[in-house]
$ cat start.txt   # compact mmCIF, C-alpha atoms
# COMPACT_ATOMS: atom_id res chain seq x y z
CA MET A 1 176.56 79.30 13.18
CA ILE A 2 176.76 80.98 16.57
CA LYS A 3 175.12 84.11 15.20
CA ARG A 4 172.24 82.03 13.87
CA LEU A 5 171.73 80.35 17.25
CA THR A 6 171.84 83.70 18.99
CA SER A 7 169.28 85.16 16.62
CA LEU A 8 167.03 82.10 17.08
CA LEU A 9 167.15 82.35 20.91
CA ALA A 10 166.38 86.08 20.74
CA ALA A 11 163.35 85.39 18.55
CA VAL A 12 162.06 82.68 20.91
CA ALA A 13 162.47 85.01 23.94
CA LEU A 14 160.60 87.81 22.17
CA ALA A 15 157.75 85.48 21.30
CA ALA A 16 157.53 84.29 24.91
CA LEU A 17 157.32 87.86 26.17
CA LEU A 18 154.54 88.66 23.73
CA VAL A 19 152.53 85.67 25.00
CA VAL A 20 153.04 86.19 28.75
CA ILE A 21 152.61 90.00 29.07
CA PRO A 22 148.95 90.20 27.79
CA GLN A 23 147.85 87.44 30.19
CA ARG A 24 148.98 89.25 33.37
CA PRO A 25 146.47 92.17 33.20
CA ALA A 26 143.68 89.69 32.55
CA GLN A 27 144.64 87.74 35.66
CA ALA A 28 144.78 90.97 37.68
CA GLN A 29 141.33 91.96 36.43
CA ASP A 30 139.92 88.58 37.40
CA ALA A 31 141.41 88.88 40.88
CA THR A 32 140.04 92.44 41.22
CA ALA A 33 136.55 91.34 40.10
CA SER A 34 136.47 88.36 42.43
CA ALA A 35 137.52 90.43 45.47
CA PRO A 36 134.39 92.68 45.55
CA ALA A 37 132.19 89.64 45.00
CA ALA A 38 133.73 87.92 47.99
CA ALA A 39 133.42 91.04 50.12
CA PRO A 40 129.58 91.32 49.87
CA MET A 41 129.28 87.61 50.61
CA ALA A 42 131.37 88.01 53.75
CA ALA A 43 129.39 91.11 54.75
CA GLY A 44 126.12 89.27 54.13
CA ALA A 45 127.28 86.36 56.26
CA THR A 46 128.26 88.74 59.06
CA THR A 47 124.95 90.59 58.85
CA SER A 48 122.90 87.41 58.99
CA LYS A 49 124.87 86.17 61.96
CA GLU A 50 124.31 89.42 63.86
CA THR A 51 120.59 89.29 63.09
CA VAL A 52 120.08 85.73 64.32
CA ASP A 53 122.26 85.77 67.43
CA ASN A 54 120.79 88.03 70.15
CA PRO A 55 122.39 87.24 73.53
CA TYR A 56 120.28 89.77 75.45
CA GLY A 57 116.66 88.69 74.82
CA LEU A 58 114.16 86.63 76.79
CA GLY A 59 115.33 83.46 75.08
CA ALA A 60 118.89 84.11 76.18
CA LEU A 61 117.64 84.91 79.69
CA TRP A 62 115.98 81.50 79.94
CA ALA A 63 118.82 79.62 78.21
CA GLN A 64 121.69 81.23 80.11
CA GLY A 65 120.00 81.73 83.49
CA ASP A 66 120.48 79.37 86.40
CA PHE A 67 117.73 77.75 88.49
CA VAL A 68 117.32 80.90 90.61
CA ALA A 69 116.74 83.15 87.58
CA ARG A 70 114.37 80.65 85.98
CA GLY A 71 112.48 80.12 89.22
CA THR A 72 112.06 83.87 89.68
CA LEU A 73 110.77 84.23 86.14
CA ILE A 74 108.30 81.35 86.59
CA ILE A 75 106.98 82.87 89.83
CA LEU A 76 106.39 86.22 88.12
CA VAL A 77 104.61 84.56 85.19
CA LEU A 78 102.34 82.56 87.53
CA MET A 79 101.52 85.68 89.53
CA SER A 80 100.64 87.55 86.35
CA MET A 81 98.40 84.73 85.09
CA GLY A 82 96.61 84.52 88.45
CA SER A 83 96.07 88.28 88.55
CA TRP A 84 94.54 88.44 85.09
CA TYR A 85 92.34 85.41 85.81
CA ILE A 86 90.96 87.04 88.95
CA LEU A 87 90.46 90.37 87.19
CA ILE A 88 88.47 88.80 84.35
CA THR A 89 86.34 86.49 86.52
CA LYS A 90 85.55 89.16 89.11
CA LEU A 91 84.65 91.66 86.42
CA TYR A 92 82.25 89.12 84.90
CA GLU A 93 80.73 88.37 88.30
CA SER A 94 80.31 92.06 89.12
CA LEU A 95 78.64 92.76 85.78
CA LYS A 96 76.37 89.76 86.30
CA ILE A 97 75.20 90.94 89.73
CA ALA A 98 74.68 94.48 88.42
CA GLY A 99 72.43 93.13 85.66
CA GLU A 100 70.50 91.00 88.19
CA ALA A 101 70.04 94.06 90.39
CA ARG A 102 68.45 96.02 87.53
CA ALA A 103 66.12 93.13 86.69
CA THR A 104 65.15 92.67 90.35
CA ARG A 105 64.27 96.34 90.81
CA LYS A 106 61.97 96.23 87.79
CA GLY A 107 59.83 93.19 88.61
CA PHE A 108 60.47 91.58 91.99
CA PHE A 109 58.30 93.79 94.20
CA LYS A 110 55.48 93.92 91.62
CA ALA A 111 54.66 90.21 92.01
CA ASN A 112 51.58 88.94 93.83
CA SER A 113 53.59 87.16 96.54
CA LEU A 114 57.17 86.75 97.71
CA THR A 115 57.18 83.09 96.73
CA GLU A 116 56.11 83.93 93.18
CA ALA A 117 58.62 86.78 93.00
CA THR A 118 61.43 84.53 94.22
CA LYS A 119 60.65 81.88 91.62
CA GLY A 120 60.92 84.56 88.95
CA LEU A 121 64.53 85.24 89.86
CA LYS A 122 67.35 83.45 88.06
CA ASP A 123 68.62 80.22 89.62
CA GLY A 124 71.89 80.70 91.42
CA SER A 125 71.62 84.47 91.56
CA ALA A 126 72.64 86.38 94.68
CA PHE A 127 69.22 88.04 94.98
CA ARG A 128 67.36 84.71 94.87
CA PHE A 129 69.68 83.38 97.58
CA ILE A 130 68.90 86.36 99.82
CA ALA A 131 65.14 86.12 99.17
CA GLU A 132 65.01 82.40 99.90
CA SER A 133 67.00 82.87 103.11
CA GLY A 134 64.66 85.63 104.31
CA ILE A 135 61.52 83.67 103.47
CA GLU A 136 62.81 80.54 105.20
CA ALA A 137 63.71 82.52 108.33
CA SER A 138 60.26 84.16 108.36
CA ASP A 139 58.36 80.90 107.90
CA HIS A 140 60.40 78.82 110.35
CA HIS A 141 60.75 80.99 113.43
CA GLU A 142 60.12 78.25 115.96
CA GLY A 143 62.00 76.05 118.37
CA THR A 144 63.22 76.19 121.93
CA LEU A 145 66.52 77.85 121.07
CA THR A 146 64.92 80.72 119.13
CA GLU A 147 61.90 81.39 121.34
CA ASN A 148 63.77 84.20 123.13
CA ILE A 149 64.53 85.94 119.79
CA ASP A 150 61.71 87.95 118.30
CA ARG A 151 60.74 87.41 114.67
CA ASN A 152 62.02 90.80 113.54
CA THR A 153 65.53 90.16 114.90
CA TRP A 154 65.56 86.60 113.55
CA VAL A 155 64.67 87.67 110.01
CA THR A 156 67.07 90.62 110.17
CA MET A 157 69.98 88.37 111.13
CA SER A 158 69.15 85.88 108.38
CA VAL A 159 68.99 88.53 105.67
CA GLN A 160 72.17 90.18 106.95
CA ARG A 161 74.05 86.87 106.92
CA SER A 162 72.98 86.30 103.33
CA VAL A 163 74.14 89.78 102.30
CA ASP A 164 77.48 89.25 104.06
CA GLU A 165 77.96 85.95 102.24
CA VAL A 166 77.38 87.62 98.89
CA GLN A 167 79.91 90.30 99.82
CA SER A 168 82.44 87.66 100.87
CA ARG A 169 81.99 85.91 97.54
CA LEU A 170 82.60 89.16 95.67
CA GLN A 171 85.79 89.80 97.62
CA ASP A 172 87.32 86.40 96.89
CA GLY A 173 90.66 86.85 95.13
CA LEU A 174 91.18 90.48 96.09
CA ALA A 175 93.71 89.43 98.73
CA PHE A 176 95.72 87.70 96.00
CA LEU A 177 95.72 90.88 93.90
CA ALA A 178 96.90 92.89 96.88
CA THR A 179 99.65 90.36 97.56
CA VAL A 180 100.83 90.41 93.95
CA GLY A 181 100.78 94.18 93.80
CA SER A 182 102.89 94.50 96.94
CA THR A 183 105.39 91.66 96.37
CA ALA A 184 105.96 91.48 92.58
CA PRO A 185 108.28 94.54 92.48
CA PHE A 186 110.44 93.03 95.20
CA ILE A 187 110.60 89.69 93.40
CA GLY A 188 111.72 91.54 90.29
CA LEU A 189 114.24 93.40 92.43
CA PHE A 190 115.56 90.07 93.66
CA GLY A 191 116.10 89.06 90.03
CA THR A 192 117.91 92.36 89.48
CA VAL A 193 120.24 91.77 92.41
CA TRP A 194 120.91 88.22 91.24
CA GLY A 195 121.75 89.45 87.72
CA ILE A 196 124.16 92.07 89.04
CA TYR A 197 125.78 89.41 91.20
CA HIS A 198 126.37 87.34 88.05
CA ALA A 199 127.83 90.40 86.33
CA LEU A 200 130.31 90.97 89.15
CA THR A 201 131.21 87.28 89.15
CA ALA A 202 131.89 87.36 85.40
CA ILE A 203 134.07 90.45 85.81
CA GLY A 204 136.05 88.78 88.59
CA ILE A 205 136.63 85.62 86.54
CA ALA A 206 137.59 87.53 83.40
CA GLY A 207 139.83 89.95 85.26
CA GLN A 208 138.59 92.92 83.26
CA ALA A 209 135.34 94.90 83.04
CA SER A 210 134.68 94.41 79.33
CA ILE A 211 131.25 95.12 77.89
CA ASP A 212 130.69 91.53 76.72
CA LYS A 213 131.15 90.25 80.29
CA VAL A 214 128.77 92.77 81.85
CA ALA A 215 126.04 93.31 79.24
CA GLY A 216 124.41 89.88 79.54
CA PRO A 217 123.90 89.70 83.32
CA VAL A 218 122.91 93.38 83.52
CA GLY A 219 120.41 92.77 80.71
CA GLU A 220 118.92 89.92 82.75
CA ALA A 221 118.67 92.24 85.73
CA LEU A 222 116.85 94.93 83.77
CA ILE A 223 114.44 92.38 82.24
CA MET A 224 113.57 91.03 85.70
CA THR A 225 112.84 94.53 86.96
CA ALA A 226 110.59 95.27 83.98
CA ILE A 227 108.68 92.00 84.39
CA GLY A 228 108.17 92.64 88.11
CA LEU A 229 106.68 96.06 87.42
CA ALA A 230 104.54 94.69 84.56
CA VAL A 231 103.06 92.14 86.97
CA ALA A 232 102.52 94.54 89.89
CA VAL A 233 100.94 97.53 88.13
CA PRO A 234 97.87 95.71 86.65
CA ALA A 235 97.31 93.93 89.97
CA VAL A 236 97.25 97.19 91.95
CA LEU A 237 95.03 99.00 89.44
CA GLY A 238 92.68 96.02 89.21
CA TYR A 239 92.45 95.73 92.99
CA ASN A 240 91.50 99.38 93.45
CA TRP A 241 89.00 99.25 90.59
CA LEU A 242 87.33 96.06 91.84
CA VAL A 243 87.07 97.41 95.40
CA ARG A 244 85.27 100.50 94.10
CA ARG A 245 82.99 98.49 91.82
CA ASN A 246 82.14 95.96 94.55
CA LYS A 247 81.15 98.83 96.83
CA VAL A 248 78.63 100.07 94.26
CA THR A 249 77.34 96.54 93.68
CA MET A 250 76.93 95.84 97.39
CA ASP A 251 74.92 99.04 97.81
CA SER A 252 72.34 97.53 95.45
CA VAL A 253 72.42 94.20 97.29
CA ARG A 254 71.98 95.85 100.71
CA GLY A 255 69.13 97.96 99.37
CA PHE A 256 67.36 94.82 98.16
CA GLY A 257 67.92 93.16 101.53
CA ALA A 258 66.42 96.13 103.37
CA ASP A 259 63.35 96.21 101.10
CA LEU A 260 62.93 92.44 101.46
CA HIS A 261 63.09 92.74 105.25
CA GLY A 262 60.37 95.37 105.21
CA VAL A 263 58.11 93.21 103.06
CA LEU A 264 58.68 90.17 105.26
CA MET A 265 57.82 92.13 108.38
CA GLY A 266 54.63 93.47 106.81
CA ALA A 267 53.46 90.24 105.24
CA LYS A 268 51.25 87.86 107.23
CA SER A 269 52.24 84.88 105.15
CA THR A 270 54.61 84.25 102.29
CA ARG A 271 52.92 81.14 101.03
$ encode --input "start.txt" --output "structure tokens"
Amino acid sequence: MIKRLTSLLAAVALAALLVVIPQRPAQAQDATASAPAAAPMAAGATTSKETVDNPYGLGALWAQGDFVARGTLIILVLMSMGSWYILITKLYESLKIAGEARATRKGFFKANSLTEATKGLKDGSAFRFIAESGIEASDHHEGTLTENIDRNTWVTMSVQRSVDEVQSRLQDGLAFLATVGSTAPFIGLFGTVWGIYHALTAIGIAGQASIDKVAGPVGEALIMTAIGLAVAVPAVLGYNWLVRRNKVTMDSVRGFGADLHGVLMGAKSTR
């Protein structure tokens, strides 16, 4: 009886071993297959996180900066916008006067009278303004206060004042360009100093000069320096270019004023 029970238990144990042993490699294979699948997912999650989060860009500069950093950035942006507006408008005005000068040289002094020639000029042009001022001074040289001034001097002063007014209108905004060109680098330098100050403060609070404590504020400092130079360089180049172009334009305007003065002095009547 005991032998039969022993044989039965041995058979049951053998059957259990045969069932359990084949299942273990399958479980190991499943675990091995699932591990590489989880690894790419984790790597993909890490990669996407690194791509989205950039703590050293312009967005981070605005989000992490204090009111001083934001105010400095706003000032530089406003200076840049003002510089480009002046550059574009003054270029348009200079090209406009240059075109009017070419048209005036072709047909103004070929007219039958100064009044007719003046009416042929475009309304609001600098050359029509000068011509009308000279004609008015020539036709209205009377009065007690002007009786001691000869007609030649009176007309000369009127034409010269008109030419000077045109020159003053051309030079509007150049002082702003000069100011931006001379001050924008120092404003950017102020942002640099402020960023380095934040870096030193972060190091002092952390107690160690780790790269994550220094990189952000130093990045802000470098961005401020770059923006300051990007604002100053176009302003300086534009200022020098406009000064040279205005000189050439004013030579044409002064030449027209001199020719107009000669015609007014030689004409008996402009009506």
$ residues_around --input "start.txt" --residues "Ser182 (chain A)" --least-positions-apart "2" --cutoff "12 Å" --atoms "all atoms listed in the file" --output "compact mmCIF listing (two decimals) with C-alpha atoms, keeping the file's coordinate frame"
# COMPACT_ATOMS: atom_id res chain seq x y z
CA MET A 79 101.52 85.68 89.53
CA ALA A 175 93.71 89.43 98.73
CA PHE A 176 95.72 87.70 96.00
CA LEU A 177 95.72 90.88 93.90
CA ALA A 178 96.90 92.89 96.88
CA THR A 179 99.65 90.36 97.56
CA VAL A 180 100.83 90.41 93.95
CA ALA A 184 105.96 91.48 92.58
CA PRO A 185 108.28 94.54 92.48
CA PHE A 186 110.44 93.03 95.20
CA ILE A 187 110.60 89.69 93.40
CA GLY A 188 111.72 91.54 90.29
CA GLY A 228 108.17 92.64 88.11
CA LEU A 229 106.68 96.06 87.42
CA VAL A 231 103.06 92.14 86.97
CA ALA A 232 102.52 94.54 89.89
CA VAL A 233 100.94 97.53 88.13
CA PRO A 234 97.87 95.71 86.65
CA ALA A 235 97.31 93.93 89.97
CA VAL A 236 97.25 97.19 91.95
CA LEU A 237 95.03 99.00 89.44
CA TYR A 239 92.45 95.73 92.99
$ closest_residue --input "start.txt" --among "A:Leu222, A:Leu189, A:Leu200, A:Ala131" --to "Leu264 (chain A)" --atoms "all atoms listed in the file"
A:Ala131
$ residues_around --input "start.txt" --residues "Ser94 (chain A)" --least-positions-apart "6" --cutoff "9 Å" --atoms "only C-alpha atoms" --output "number ranges by chain"
A: 170, 242, 245-246, 249
